[in-house]
$ cat query.cif   # mmCIF, C-alpha atoms and all ligand atoms
data_entry
loop_
_atom_site.label_atom_id
_atom_site.label_comp_id
_atom_site.auth_asym_id
_atom_site.auth_seq_id
_atom_site.Cartn_x
_atom_site.Cartn_y
_atom_site.Cartn_z
CA MET A 292 90.92 53.55 -34.08
CA LYS A 293 88.29 55.90 -32.69
CA ARG A 294 85.14 56.39 -34.75
CA ILE A 295 85.57 59.32 -37.11
CA GLU A 296 82.58 61.42 -38.15
CA LEU A 297 81.75 61.76 -41.85
CA LEU A 298 80.22 65.22 -42.25
CA LEU A 299 78.35 66.14 -45.43
CA PRO A 300 76.87 69.44 -46.61
CA ALA A 301 73.16 69.72 -47.38
CA GLY A 302 71.52 72.59 -49.25
CA ASN A 303 67.98 71.39 -48.52
CA LEU A 304 66.05 68.71 -46.66
CA GLU A 305 66.07 66.29 -49.58
CA LYS A 306 69.87 66.42 -49.77
CA LEU A 307 70.22 66.08 -46.01
CA LYS A 308 68.10 62.94 -45.98
CA MET A 309 70.06 61.56 -48.92
CA ALA A 310 73.44 62.27 -47.31
CA LEU A 311 72.44 60.59 -44.05
CA THR A 312 70.80 57.66 -45.85
CA TYR A 313 73.93 57.08 -47.94
CA GLY A 314 76.33 56.95 -44.98
CA ALA A 315 77.08 60.39 -43.54
CA ASP A 316 77.19 60.54 -39.73
CA ALA A 317 76.21 64.19 -39.71
CA CYS A 318 75.22 67.08 -41.95
CA TYR A 319 75.92 70.78 -41.69
CA ILE A 320 73.30 73.17 -42.98
CA GLY A 321 72.85 76.90 -43.21
CA ALA A 322 69.74 78.60 -42.00
CA LYS A 323 68.36 81.70 -43.65
CA GLU A 324 69.75 83.77 -40.80
CA TYR A 325 73.42 84.36 -39.96
CA SER A 326 74.81 81.87 -42.44
CA LEU A 327 77.25 82.17 -45.31
CA ARG A 328 75.90 80.47 -48.41
CA ALA A 329 72.52 81.99 -47.59
CA GLN A 330 71.64 81.41 -51.22
CA ALA A 331 72.61 77.75 -50.95
CA SER A 332 70.18 77.23 -48.17
CA ASN A 333 66.47 77.20 -47.90
CA PHE A 334 66.33 75.89 -44.34
CA THR A 335 63.73 77.63 -42.24
CA LEU A 336 63.59 76.89 -38.51
CA ASN A 337 60.82 74.37 -39.24
CA ASP A 338 63.04 72.66 -41.82
CA ILE A 339 65.87 72.54 -39.31
CA LYS A 340 63.53 70.95 -36.78
CA GLU A 341 62.52 68.29 -39.30
CA ALA A 342 66.19 67.74 -40.23
CA VAL A 343 67.17 67.28 -36.59
CA GLU A 344 64.33 64.82 -35.95
CA PHE A 345 65.23 62.83 -39.07
CA ALA A 346 68.93 62.73 -38.10
CA HIS A 347 68.35 61.89 -34.45
CA ASN A 348 66.06 59.00 -35.42
CA LEU A 349 69.08 57.54 -37.21
CA ASN A 350 71.38 58.43 -34.31
CA LYS A 351 73.07 61.07 -36.49
CA LYS A 352 73.74 64.78 -36.09
CA VAL A 353 72.94 68.18 -37.58
CA TYR A 354 75.21 71.20 -37.20
CA ILE A 355 74.10 74.69 -38.15
CA THR A 356 76.46 77.18 -39.74
CA VAL A 357 76.19 80.56 -38.04
CA ASN A 358 79.26 81.79 -39.83
CA VAL A 359 78.34 85.22 -41.09
CA ILE A 360 80.69 88.07 -40.18
CA PRO A 361 78.05 90.14 -38.39
CA ARG A 362 77.64 93.89 -38.77
CA GLU A 363 76.69 96.18 -35.91
CA LYS A 364 72.95 96.03 -36.56
CA GLU A 365 72.91 92.23 -36.53
CA ILE A 366 74.43 91.71 -33.09
CA MET A 367 71.21 92.07 -31.08
CA GLY A 368 69.49 89.30 -33.02
CA ILE A 369 72.18 86.70 -32.43
CA LEU A 370 71.24 85.48 -28.96
CA PRO A 371 67.49 85.04 -29.64
CA TYR A 372 68.42 83.13 -32.77
CA LEU A 373 70.89 80.86 -30.96
CA LYS A 374 68.28 80.22 -28.27
CA LYS A 375 65.79 79.14 -30.94
CA LEU A 376 68.37 76.74 -32.38
CA GLU A 377 69.12 75.37 -28.93
CA SER A 378 65.42 74.83 -28.26
CA ILE A 379 65.08 72.59 -31.33
CA ASN A 380 67.93 70.41 -30.14
CA ILE A 381 70.54 70.94 -32.86
CA ASP A 382 73.90 69.25 -32.30
CA GLY A 383 76.11 72.28 -32.65
CA ILE A 384 76.90 75.53 -34.44
CA ILE A 385 79.83 76.51 -36.65
CA VAL A 386 80.97 80.10 -36.14
CA SER A 387 83.54 82.41 -37.64
CA SER A 388 83.16 85.52 -35.54
CA PRO A 389 84.46 86.14 -32.00
CA VAL A 390 81.21 87.86 -31.01
CA ILE A 391 79.08 84.84 -31.94
CA LEU A 392 81.56 82.55 -30.15
CA TYR A 393 81.33 84.76 -27.06
CA ILE A 394 77.52 84.96 -27.03
CA ALA A 395 77.10 81.23 -27.66
CA LYS A 396 79.57 80.30 -24.93
CA ARG A 397 78.26 82.80 -22.38
CA TYR A 398 74.51 82.28 -22.83
CA THR A 399 73.93 78.80 -24.34
CA ASN A 400 75.12 75.22 -23.97
CA LEU A 401 75.58 74.71 -27.69
CA HIS A 402 78.51 72.67 -29.02
CA ILE A 403 80.61 75.28 -30.85
CA SER A 404 82.92 74.64 -33.81
CA ILE A 405 85.27 77.28 -35.16
CA SER A 406 84.78 77.59 -38.91
CA THR A 407 87.57 77.17 -41.43
CA GLN A 408 86.92 80.85 -42.25
CA MET A 409 88.94 81.61 -39.10
CA SER A 410 92.03 80.12 -40.85
CA VAL A 411 93.33 78.16 -37.83
CA THR A 412 96.75 76.84 -38.84
CA ASN A 413 98.52 76.02 -35.53
CA THR A 414 98.03 74.39 -32.12
CA ARG A 415 98.16 77.62 -30.13
CA SER A 416 95.27 79.04 -32.10
CA VAL A 417 93.32 75.79 -31.65
CA ASN A 418 93.92 75.90 -27.89
CA PHE A 419 93.02 79.58 -27.75
CA PHE A 420 89.60 78.93 -29.29
CA ASN A 421 89.19 75.84 -27.12
CA LYS A 422 89.78 77.95 -24.00
CA MET A 423 87.32 80.54 -25.29
CA GLY A 424 84.61 77.86 -25.39
CA ALA A 425 84.88 76.10 -28.75
CA LYS A 426 84.69 72.30 -28.49
CA ARG A 427 85.91 71.79 -32.05
CA VAL A 428 88.08 73.61 -34.57
CA VAL A 429 87.71 73.16 -38.32
CA LEU A 430 91.31 73.48 -39.45
CA ALA A 431 92.32 75.74 -42.32
CA ARG A 432 92.19 74.00 -45.67
CA GLU A 433 95.67 75.27 -46.38
CA LEU A 434 97.46 72.81 -44.04
CA SER A 435 99.58 69.81 -45.05
CA ILE A 436 98.99 66.35 -43.60
CA ASP A 437 102.19 66.70 -41.51
CA GLU A 438 101.03 70.00 -40.05
CA ILE A 439 97.64 68.46 -39.21
CA ARG A 440 99.38 65.52 -37.51
CA GLU A 441 101.50 67.90 -35.44
CA ILE A 442 98.44 69.84 -34.28
CA ARG A 443 96.59 66.59 -33.48
CA LYS A 444 99.48 65.46 -31.27
CA ASN A 445 99.48 68.70 -29.31
CA THR A 446 95.85 69.39 -28.49
CA GLU A 447 92.88 67.67 -26.86
CA CYS A 448 90.41 69.85 -28.78
CA GLU A 449 88.17 68.12 -31.37
CA LEU A 450 89.55 68.66 -34.87
CA GLU A 451 87.66 68.70 -38.15
CA VAL A 452 89.40 68.52 -41.54
CA PHE A 453 88.10 69.32 -45.03
CA ILE A 454 88.65 66.36 -47.36
CA HIS A 455 86.67 67.12 -50.50
CA GLY A 456 85.15 69.95 -52.51
CA GLY A 457 85.81 73.44 -53.81
CA MET A 458 88.81 75.43 -52.65
CA CYS A 459 89.20 79.19 -52.56
CA SER A 460 92.05 80.95 -54.27
CA GLY A 461 92.45 83.02 -51.12
CA TYR A 462 92.50 81.64 -47.59
CA SER A 463 89.02 80.11 -47.29
CA GLY A 464 86.41 82.79 -47.63
CA ARG A 465 88.88 85.63 -47.15
CA CYS A 466 88.29 86.99 -50.59
CA THR A 467 86.43 89.95 -52.00
CA LEU A 468 86.89 89.19 -55.68
CA SER A 469 83.19 88.50 -56.04
CA ASN A 470 82.33 91.77 -54.26
CA TYR A 471 84.38 93.72 -56.81
CA MET A 472 83.38 91.79 -59.90
CA SER A 473 79.67 91.33 -59.29
CA SER A 474 78.75 93.32 -56.16
CA ARG A 475 78.03 90.02 -54.44
CA ASP A 476 79.60 89.62 -51.01
CA ALA A 477 81.45 86.31 -50.65
CA ASN A 478 81.30 86.65 -46.90
CA ARG A 479 77.56 87.02 -46.84
CA GLY A 480 76.70 83.99 -48.91
CA GLY A 481 76.81 85.68 -52.28
CA CYS A 482 80.05 84.47 -53.85
CA ALA A 483 79.67 84.55 -57.64
CA HIS A 484 82.77 82.32 -58.00
CA SER A 485 84.47 85.07 -59.95
CA CYS A 486 87.75 83.15 -59.64
CA ARG A 487 86.25 80.50 -61.92
CA TRP A 488 85.22 82.88 -64.68
CA ASN A 489 87.11 82.88 -67.95
CA TYR A 490 89.56 85.74 -68.34
CA ASP A 491 92.10 86.88 -70.89
CA LEU A 492 95.62 87.36 -69.63
CA TYR A 493 97.83 90.16 -70.98
CA MET A 494 101.51 90.92 -70.57
CA ASP A 495 102.66 94.25 -71.97
CA GLN A 496 99.40 94.49 -73.92
CA GLU A 497 99.95 91.13 -75.54
CA LYS A 498 97.42 88.41 -74.89
CA ILE A 499 99.35 85.43 -73.59
CA ASN A 500 96.59 82.86 -73.06
CA LYS A 501 96.28 82.05 -76.74
CA ASP A 502 94.62 78.63 -76.60
CA TYR A 503 92.41 78.64 -73.52
CA PRO A 504 90.59 81.14 -71.35
CA PHE A 505 92.45 81.86 -68.12
CA GLN A 506 90.98 81.05 -64.69
CA ILE A 507 92.28 82.10 -61.30
CA ALA A 508 90.58 79.18 -59.54
CA SER A 509 92.19 76.17 -57.95
CA LYS A 510 91.14 72.62 -58.71
CA ASP A 511 88.73 71.04 -56.26
CA LEU A 512 90.08 69.10 -53.31
CA GLU A 513 89.96 65.29 -53.30
CA ALA A 514 91.84 63.77 -50.36
CA LEU A 515 91.06 60.06 -50.85
CA ASP A 516 94.74 59.18 -50.47
CA TYR A 517 94.96 60.87 -47.06
CA ILE A 518 91.86 59.47 -45.33
CA LYS A 519 93.66 56.54 -43.74
CA ASP A 520 96.27 58.85 -42.20
CA LEU A 521 93.56 61.20 -40.91
CA CYS A 522 91.63 58.28 -39.37
CA LEU A 523 94.71 56.80 -37.72
CA MET A 524 95.95 60.08 -36.25
CA GLY A 525 92.62 60.60 -34.45
CA ILE A 526 90.91 63.42 -36.33
CA ASP A 527 87.32 63.73 -35.08
CA SER A 528 85.47 64.72 -38.23
CA LEU A 529 86.03 64.61 -42.00
CA LYS A 530 84.18 67.35 -43.80
CA ILE A 531 82.98 67.62 -47.39
CA GLU A 532 82.27 70.96 -49.05
CA GLY A 533 79.40 71.75 -51.41
CA ARG A 534 75.99 72.84 -50.17
CA MET A 535 75.20 74.07 -53.70
CA LYS A 536 75.96 70.66 -55.22
CA SER A 537 73.43 68.15 -56.56
CA LEU A 538 71.62 65.29 -54.91
CA HIS A 539 73.79 62.89 -56.89
CA TYR A 540 76.97 64.56 -55.61
CA VAL A 541 75.80 64.35 -52.00
CA ALA A 542 74.80 60.67 -52.31
CA THR A 543 77.95 59.65 -54.17
CA LEU A 544 80.33 61.43 -51.82
CA SER A 545 78.53 60.04 -48.79
CA TYR A 546 78.51 56.52 -50.23
CA THR A 547 82.17 56.55 -51.30
CA TYR A 548 83.73 58.06 -48.17
CA ARG A 549 81.51 55.84 -45.95
CA LYS A 550 82.88 52.78 -47.77
CA LEU A 551 86.43 54.05 -47.52
CA ILE A 552 86.22 54.82 -43.79
CA ASP A 553 84.51 51.49 -43.03
CA ASP A 554 87.08 49.59 -45.08
CA ILE A 555 89.90 51.34 -43.22
CA SER A 556 88.41 50.50 -39.82
CA SER A 557 87.73 46.86 -40.76
CA ASN A 558 91.17 46.48 -42.35
CA THR A 559 89.68 45.62 -45.75
CA LEU A 560 90.98 48.61 -47.69
CA LYS A 561 90.90 48.10 -51.47
CA ASP A 562 93.14 49.69 -54.06
CA MET A 563 92.50 53.47 -54.17
CA SER A 564 91.45 53.22 -57.82
CA TYR A 565 88.27 51.49 -56.60
CA TYR A 566 87.21 54.52 -54.51
CA LYS A 567 88.36 57.00 -57.17
CA ASN A 568 86.16 55.18 -59.66
CA LEU A 569 83.16 55.40 -57.33
CA LEU A 570 83.61 59.18 -57.19
CA LYS A 571 84.16 59.61 -60.90
CA SER A 572 80.57 60.19 -61.92
CA SER A 573 79.76 62.74 -59.23
CA GLU A 574 81.27 65.90 -60.69
CA ASN A 575 82.87 67.48 -63.66
CA ARG A 576 85.55 69.68 -62.11
CA MET A 577 89.21 68.78 -61.97
CA ASN A 578 90.66 67.62 -58.67
CA SER A 579 93.92 67.77 -56.77
CA SER A 580 94.94 66.76 -53.27
CA GLY A 581 95.07 70.44 -52.31
CA PHE A 582 97.62 71.34 -49.65
CA PHE A 583 97.83 67.85 -48.08
CA SER A 584 101.11 66.88 -49.74
CA GLY A 585 102.83 70.03 -48.51
CA LYS A 586 103.96 70.78 -52.05
CA TYR A 587 101.89 73.30 -53.90
CA ASP A 588 102.41 74.60 -57.37
CA TYR A 589 100.56 75.57 -60.54
CA SER A 590 99.37 71.96 -61.05
CA MET A 591 96.76 72.60 -58.33
CA ASN A 592 95.28 75.41 -60.39
CA LEU A 593 92.99 75.50 -63.36
CA TYR A 594 95.28 77.88 -65.28
CA SER A 595 94.87 77.26 -68.97
CA LYS A 596 92.69 74.25 -68.39
CA MET A 597 89.26 73.93 -69.95
CA GLY A 598 86.50 72.59 -67.71
CA LEU A 599 85.51 68.99 -68.30
CA GLU A 600 82.39 67.98 -70.20
CA ALA A 601 79.07 68.30 -68.39
CA ASN A 602 78.49 65.14 -66.41
CA GLN A 603 75.50 63.05 -67.52
CA SER A 604 76.01 59.95 -65.40
CA PHE A 605 73.09 60.55 -63.06
CA LEU A 606 70.16 58.88 -64.81
CA GLY A 607 67.49 58.92 -62.15
CA ILE A 608 66.36 58.22 -58.64
CA VAL A 609 63.93 55.54 -57.46
CA LEU A 610 60.81 57.04 -55.87
CA ASP A 611 58.90 53.79 -55.37
CA TYR A 612 59.23 50.09 -56.15
CA ASP A 613 56.59 47.43 -56.73
CA ASN A 614 58.26 44.11 -56.02
CA ILE A 615 55.36 42.08 -57.37
CA LYS A 616 55.35 43.74 -60.80
CA LYS A 617 59.14 44.33 -60.59
CA GLU A 618 58.57 47.93 -61.61
CA ALA A 619 60.16 51.09 -60.25
CA LEU A 620 58.76 54.60 -60.36
CA ILE A 621 61.71 56.87 -61.05
CA GLU A 622 62.44 60.55 -61.50
CA VAL A 623 64.62 60.99 -64.58
CA ARG A 624 67.79 63.12 -64.66
CA ASN A 625 69.48 62.12 -67.94
CA HIS A 626 68.67 60.20 -71.10
CA PHE A 627 68.67 56.37 -71.16
CA LYS A 628 66.87 53.77 -73.28
CA THR A 629 65.29 50.32 -73.24
CA GLY A 630 67.83 47.51 -73.26
CA GLU A 631 70.55 49.64 -71.69
CA VAL A 632 72.57 48.19 -68.83
CA ILE A 633 72.92 50.76 -66.07
CA GLU A 634 74.48 50.91 -62.62
CA VAL A 635 72.65 51.07 -59.27
CA MET A 636 74.06 52.82 -56.21
CA SER A 637 72.18 51.73 -53.10
CA PRO A 638 73.04 52.53 -49.47
CA ASN A 639 74.96 49.71 -47.73
CA LYS A 640 75.37 47.65 -50.92
CA ASP A 641 78.12 47.34 -53.52
CA LEU A 642 77.40 48.88 -56.91
CA TYR A 643 75.61 46.50 -59.28
CA ASN A 644 74.21 46.57 -62.82
CA ILE A 645 70.65 46.13 -64.04
CA LYS A 646 69.10 45.93 -67.48
CA ILE A 647 66.24 48.27 -68.41
CA GLU A 648 63.63 45.91 -69.84
CA ASN A 649 60.76 48.33 -70.44
CA ILE A 650 60.00 52.01 -69.91
CA TYR A 651 56.45 53.35 -69.42
CA LYS A 652 55.24 56.90 -69.47
CA ASP A 653 51.70 57.36 -68.11
CA GLY A 654 51.14 53.63 -68.70
CA ILE A 655 52.29 53.77 -72.35
CA LEU A 656 55.39 51.91 -73.50
CA VAL A 657 58.14 54.29 -74.68
CA ASP A 658 61.64 53.50 -75.94
CA SER A 659 63.65 55.92 -73.81
CA ALA A 660 63.74 58.43 -70.99
CA ARG A 661 64.21 61.86 -72.55
CA HIS A 662 63.30 64.62 -70.16
CA ALA A 663 64.87 65.56 -66.86
CA LEU A 664 62.50 65.40 -63.88
CA GLU A 665 59.78 63.44 -65.72
CA LYS A 666 58.37 60.49 -63.80
CA LEU A 667 58.54 57.13 -65.55
CA VAL A 668 58.01 53.52 -64.62
CA ILE A 669 60.79 51.10 -65.56
CA LYS A 670 60.75 47.32 -65.53
CA VAL A 671 64.10 45.90 -64.47
CA ASP A 672 65.60 42.49 -63.86
CA LYS A 673 66.52 43.06 -60.18
CA ASP A 674 64.79 44.47 -57.09
CA LEU A 675 65.35 48.16 -56.34
CA LEU A 676 64.83 50.28 -53.23
CA VAL A 677 63.43 53.78 -52.71
CA ASN A 678 66.28 56.34 -53.01
CA ASP A 679 68.47 54.03 -55.12
CA ILE A 680 70.41 56.08 -57.64
CA LEU A 681 70.61 54.95 -61.26
CA ARG A 682 73.82 55.90 -63.07
CA ARG A 683 75.52 55.28 -66.37
CA VAL A 684 78.03 52.43 -66.03
CA GLN A 685 81.46 53.91 -65.38
CA ASP A 686 84.48 52.90 -67.48
CA GLU A 687 87.22 51.35 -65.35
S1 LIG B 1 85.61 84.21 -55.73
FE1 LIG B 1 86.68 82.25 -55.59
S2 LIG B 1 88.36 82.61 -54.14
FE2 LIG B 1 86.86 84.26 -53.83
S3 LIG B 1 85.48 83.52 -52.19
FE3 LIG B 1 84.56 82.95 -54.16
S4 LIG B 1 85.28 80.83 -54.54
FE4 LIG B 1 86.63 81.75 -52.94
#
$ encode --input "query.cif" --output "structure tokens"
Amino acid sequence: MKRIELLLPAGNLEKLKMALTYGADACYIGAKEYSLRAQASNFTLNDIKEAVEFAHNLNKKVYITVNVIPREKEIMGILPYLKKLESINIDGIIVSSPVILYIAKRYTNLHISISTQMSVTNTRSVNFFNKMGAKRVVLARELSIDEIREIRKNTECELEVFIHGGMCSGYSGRCTLSNYMSSRDANRGGCAHSCRWNYDLYMDQEKINKDYPFQIASKDLEALDYIKDLCLMGIDSLKIEGRMKSLHYVATLSYTYRKLIDDISSNTLKDMSYYKNLLKSSENRMNSSGFFSGKYDYSMNLYSKMGLEANQSFLGIVLDYDNIKKEALIEVRNHFKTGEVIEVMSPNKDLYNIKIENIYKDGILVDSARHALEKLVIKVDKDLLVNDILRRVQDE
């Protein structure tokens, strides 16, 4: 089995470092210029430089999304921008406009991926973009596993497949609902997720969603059950969506899919419930396997479904550890108290539990952690590492 790339999103440098530390082989990030999700990104060129240096030190990669649909006045700025990216040694760009593909191919040596926003759903389209200079195509999220297999068999082009995260109700990104509802352009990084708002539904003036608000949105994608197939058929990269998501999400997704891919390649795959359980604490939206099964119906949608409770599993992150005093400096995210047994997620280790023996705030003993982002010292019964994530123990 060839090595498959695990590709995580990162909305800022902290998340990028976390994703790579927890097992991602590469991250994709948006710069302030020419990127969708402009609001999800605060990467300046200096940040990108730091990200690339951090990743390359670990032998990992950074791709930059240059996936805006450019207007006339933006065209002249594209080449200078691409040249700047090339000069700081990025590993590739992701594009969704023929003009950016053309300029990048003609005037740079950048590795070019075709974004899922181009909705590539067949081999001929893959080969077309390959001939035009793209080294990789991110397939449309609307394909089944059998369709992906068929394309894989028929092309030499690198293929990237989305395996986890939010889905659009239209073909990825080809939606203007947000433009109409909130004057925010979904194709310029401003999507207000209007499909996930609560609506009332009327038929002949009669409200028919009596018990729940109505949402147009689909459930999020979770393709755990299809990863083995994707690895075995020779897909080049598995991509996770969510540059707006939290540090905990990025670390948990990276950790879980790293384990799953490694277990597949070493033939030590566990029951899928193990990996599903690892993911459980990372988000509070409902999941489905999207279009992978080839059967799609209303069960993939959030129609008439209330959102799940806010997730409070992420308790804190270790900023420093004193292994003589057995004390960790942590940044708190959710409430926990002395005596509680909590779970530790640490890169390259299995999950394990620790007991909180004491909690100190500014050197004074307190009985619990109450406020998000406060810095506390905890005494625990096992050694911790910087960047370890503390979580509430998950029910099996
Ligand atoms: S409003 Fe919903 S369907 Fe439209 S672009 Fe945004 S997330 Fe996608």
$ residues_near_ligand --input "query.cif" --ligand "ligand LIG 1 (chain B)" --cutoff "7 Å" --atoms "only C-alpha atoms and all ligand atoms" --output "mmCIF file with C-alpha atoms, in the coordinates of the input"
data_model
loop_
_atom_site.group_PDB
_atom_site.id
_atom_site.type_symbol
_atom_site.label_atom_id
_atom_site.label_comp_id
_atom_site.auth_asym_id
_atom_site.auth_seq_id
_atom_site.Cartn_x
_atom_site.Cartn_y
_atom_site.Cartn_z
ATOM 1 C CA MET A 458 88.810 75.430 -52.650
ATOM 2 C CA CYS A 459 89.200 79.190 -52.560
ATOM 3 C CA SER A 460 92.050 80.950 -54.270
ATOM 4 C CA GLY A 461 92.450 83.020 -51.120
ATOM 5 C CA SER A 463 89.020 80.110 -47.290
ATOM 6 C CA GLY A 464 86.410 82.790 -47.630
ATOM 7 C CA ARG A 465 88.880 85.630 -47.150
ATOM 8 C CA CYS A 466 88.290 86.990 -50.590
ATOM 9 C CA THR A 467 86.430 89.950 -52.000
ATOM 10 C CA LEU A 468 86.890 89.190 -55.680
ATOM 11 C CA SER A 469 83.190 88.500 -56.040
ATOM 12 C CA ALA A 477 81.450 86.310 -50.650
ATOM 13 C CA CYS A 482 80.050 84.470 -53.850
ATOM 14 C CA ALA A 483 79.670 84.550 -57.640
ATOM 15 C CA HIS A 484 82.770 82.320 -58.000
ATOM 16 C CA SER A 485 84.470 85.070 -59.950
ATOM 17 C CA CYS A 486 87.750 83.150 -59.640
ATOM 18 C CA ARG A 487 86.250 80.500 -61.920
ATOM 19 C CA ALA A 508 90.580 79.180 -59.540
#
$ closest_residue --input "query.cif" --among "A:Ser388, A:Asn380, A:Thr559, A:Asn614" --to "Arg362 of chain A" --atoms "all atoms listed in the file"
A:Ser388
$ closest_residue --input "query.cif" --among "A:Lys352, A:Arg440, A:Ile403, A:Gln408" --to "Lys422 of chain A" --atoms "only C-alpha atoms"
A:Ile403
$ atom_distance --input "query.cif" --atom1 "atom CA of His539 of chain A" --atom2 "atom CA of Gln603 of chain A"
10.8 Å
$ axis_aligned_box --input "query.cif" --around "segment 571-589 of chain A" --padding-each-side "4 Å" --output "AutoDock Vina command-line options"
--center_x 91.9 --center_y 67.6 --center_z -55.9 --size_x 32.2 --size_y 24.0 --size_z 23.6
$ residues_around --input "query.cif" --residues "Ser387 of chain A" --least-positions-apart "5" --cutoff "9 Å" --atoms "all atoms listed in the file" --output "tab-separated table (two decimals) with C-alpha atoms, in the coordinates of the input"
chain	number	residue	atom	x	y	z
A	357	VAL	CA	76.19	80.56	-38.04
A	358	ASN	CA	79.26	81.79	-39.83
A	359	VAL	CA	78.34	85.22	-41.09
A	360	ILE	CA	80.69	88.07	-40.18
A	392	LEU	CA	81.56	82.55	-30.15
A	404	SER	CA	82.92	74.64	-33.81
A	405	ILE	CA	85.27	77.28	-35.16
A	406	SER	CA	84.78	77.59	-38.91
A	407	THR	CA	87.57	77.17	-41.43
A	408	GLN	CA	86.92	80.85	-42.25
A	409	MET	CA	88.94	81.61	-39.10
$ atom_distance --input "query.cif" --atom1 "atom CA of Asp316 of chain A" --atom2 "atom CA of Lys351 of chain A"
5.3 Å
$ residues_around --input "query.cif" --residues "Lys646 of chain A" --least-positions-apart "3" --cutoff "7 Å" --atoms "only C-alpha atoms" --output "PyMOL selection string"
chain A and resi 630-633+671-672
$ closest_atom_pairs --input "query.cif" --of "segment 431-488 of chain A" --to "segment 581-585 of chain A" --cutoff "7 Å" --atoms "all atoms listed in the file" --output "JSON lines"
{"residue": "A:Glu433", "atom": "CA", "partner": "A:Phe582", "partner_atom": "CA", "distance": 5.5}
{"residue": "A:Leu434", "atom": "CA", "partner": "A:Phe582", "partner_atom": "CA", "distance": 5.8}
{"residue": "A:Ser435", "atom": "CA", "partner": "A:Phe583", "partner_atom": "CA", "distance": 4.0}
{"residue": "A:Ile436", "atom": "CA", "partner": "A:Phe583", "partner_atom": "CA", "distance": 4.9}
$ atom_distance --input "query.cif" --atom1 "atom CA of Met636 of chain A" --atom2 "atom CA of Leu297 of chain A"
18.6 Å
$ residues_near_point --input "query.cif" --point "(61.8, 48.2, -55.7)" --cutoff "6 Å" --atoms "only C-alpha atoms" --output "VMD selection string"
chain A and resid 612 to 614 619 674 to 676
$ closest_residue --input "query.cif" --among "A:Ala514, A:Leu430, A:Leu610, A:Leu656" --to "Leu570 of chain A" --atoms "all atoms listed in the file"
A:Ala514
$ closest_residue --input "query.cif" --among "A:Ala660, A:Val452, A:Ile526, A:Ala315" --to "Lys550 of chain A" --atoms "all atoms listed in the file"
A:Ala315
$ residues_near_point --input "query.cif" --point "(76.8, 65.5, -54.6)" --cutoff "10 Å" --atoms "all atoms listed in the file" --output "NGL selection string"
:A and (299-301 or 306 or 309-310 or 456 or 531-545 or 570 or 572-574)
$ write_last_selection --input "query.cif" --atoms "C-alpha atoms" --output "PDB file, in the coordinates of the input"
ATOM      1  CA  LEU A 299      78.350  66.140 -45.430  1.00  0.00           C
ATOM      2  CA  PRO A 300      76.870  69.440 -46.610  1.00  0.00           C
ATOM      3  CA  ALA A 301      73.160  69.720 -47.380  1.00  0.00           C
ATOM      4  CA  LYS A 306      69.870  66.420 -49.770  1.00  0.00           C
ATOM      5  CA  MET A 309      70.060  61.560 -48.920  1.00  0.00           C
ATOM      6  CA  ALA A 310      73.440  62.270 -47.310  1.00  0.00           C
ATOM      7  CA  GLY A 456      85.150  69.950 -52.510  1.00  0.00           C
ATOM      8  CA  ILE A 531      82.980  67.620 -47.390  1.00  0.00           C
ATOM      9  CA  GLU A 532      82.270  70.960 -49.050  1.00  0.00           C
ATOM     10  CA  GLY A 533      79.400  71.750 -51.410  1.00  0.00           C
ATOM     11  CA  ARG A 534      75.990  72.840 -50.170  1.00  0.00           C
ATOM     12  CA  MET A 535      75.200  74.070 -53.700  1.00  0.00           C
ATOM     13  CA  LYS A 536      75.960  70.660 -55.220  1.00  0.00           C
ATOM     14  CA  SER A 537      73.430  68.150 -56.560  1.00  0.00           C
ATOM     15  CA  LEU A 538      71.620  65.290 -54.910  1.00  0.00           C
ATOM     16  CA  HIS A 539      73.790  62.890 -56.890  1.00  0.00           C
ATOM     17  CA  TYR A 540      76.970  64.560 -55.610  1.00  0.00           C
ATOM     18  CA  VAL A 541      75.800  64.350 -52.000  1.00  0.00           C
ATOM     19  CA  ALA A 542      74.800  60.670 -52.310  1.00  0.00           C
ATOM     20  CA  THR A 543      77.950  59.650 -54.170  1.00  0.00           C
ATOM     21  CA  LEU A 544      80.330  61.430 -51.820  1.00  0.00           C
ATOM     22  CA  SER A 545      78.530  60.040 -48.790  1.00  0.00           C
ATOM     23  CA  LEU A 570      83.610  59.180 -57.190  1.00  0.00           C
ATOM     24  CA  SER A 572      80.570  60.190 -61.920  1.00  0.00           C
ATOM     25  CA  SER A 573      79.760  62.740 -59.230  1.00  0.00           C
ATOM     26  CA  GLU A 574      81.270  65.900 -60.690  1.00  0.00           C
TER      27      GLU A 574
END
$ closest_residue --input "query.cif" --among "A:Ile442, A:Asp437, A:Arg479, A:Tyr643" --to "Ser416 of chain A" --atoms "all atoms listed in the file"
A:Ile442
$ residues_around --input "query.cif" --residues "Ser556 of chain A" --least-positions-apart "2" --cutoff "10 Å" --atoms "all atoms listed in the file" --output "MDAnalysis selection string"
chainID A and resid 292:295 519 522:523 550:554 558:560
$ write_last_selection --input "query.cif" --atoms "C-alpha atoms" --output "CSV table (one decimal), in the frame of the given file"
chain,number,residue,atom,x,y,z
A,292,MET,CA,90.9,53.6,-34.1
A,293,LYS,CA,88.3,55.9,-32.7
A,294,ARG,CA,85.1,56.4,-34.8
A,295,ILE,CA,85.6,59.3,-37.1
A,519,LYS,CA,93.7,56.5,-43.7
A,522,CYS,CA,91.6,58.3,-39.4
A,523,LEU,CA,94.7,56.8,-37.7
A,550,LYS,CA,82.9,52.8,-47.8
A,551,LEU,CA,86.4,54.0,-47.5
A,552,ILE,CA,86.2,54.8,-43.8
A,553,ASP,CA,84.5,51.5,-43.0
A,554,ASP,CA,87.1,49.6,-45.1
A,558,ASN,CA,91.2,46.5,-42.4
A,559,THR,CA,89.7,45.6,-45.8
A,560,LEU,CA,91.0,48.6,-47.7
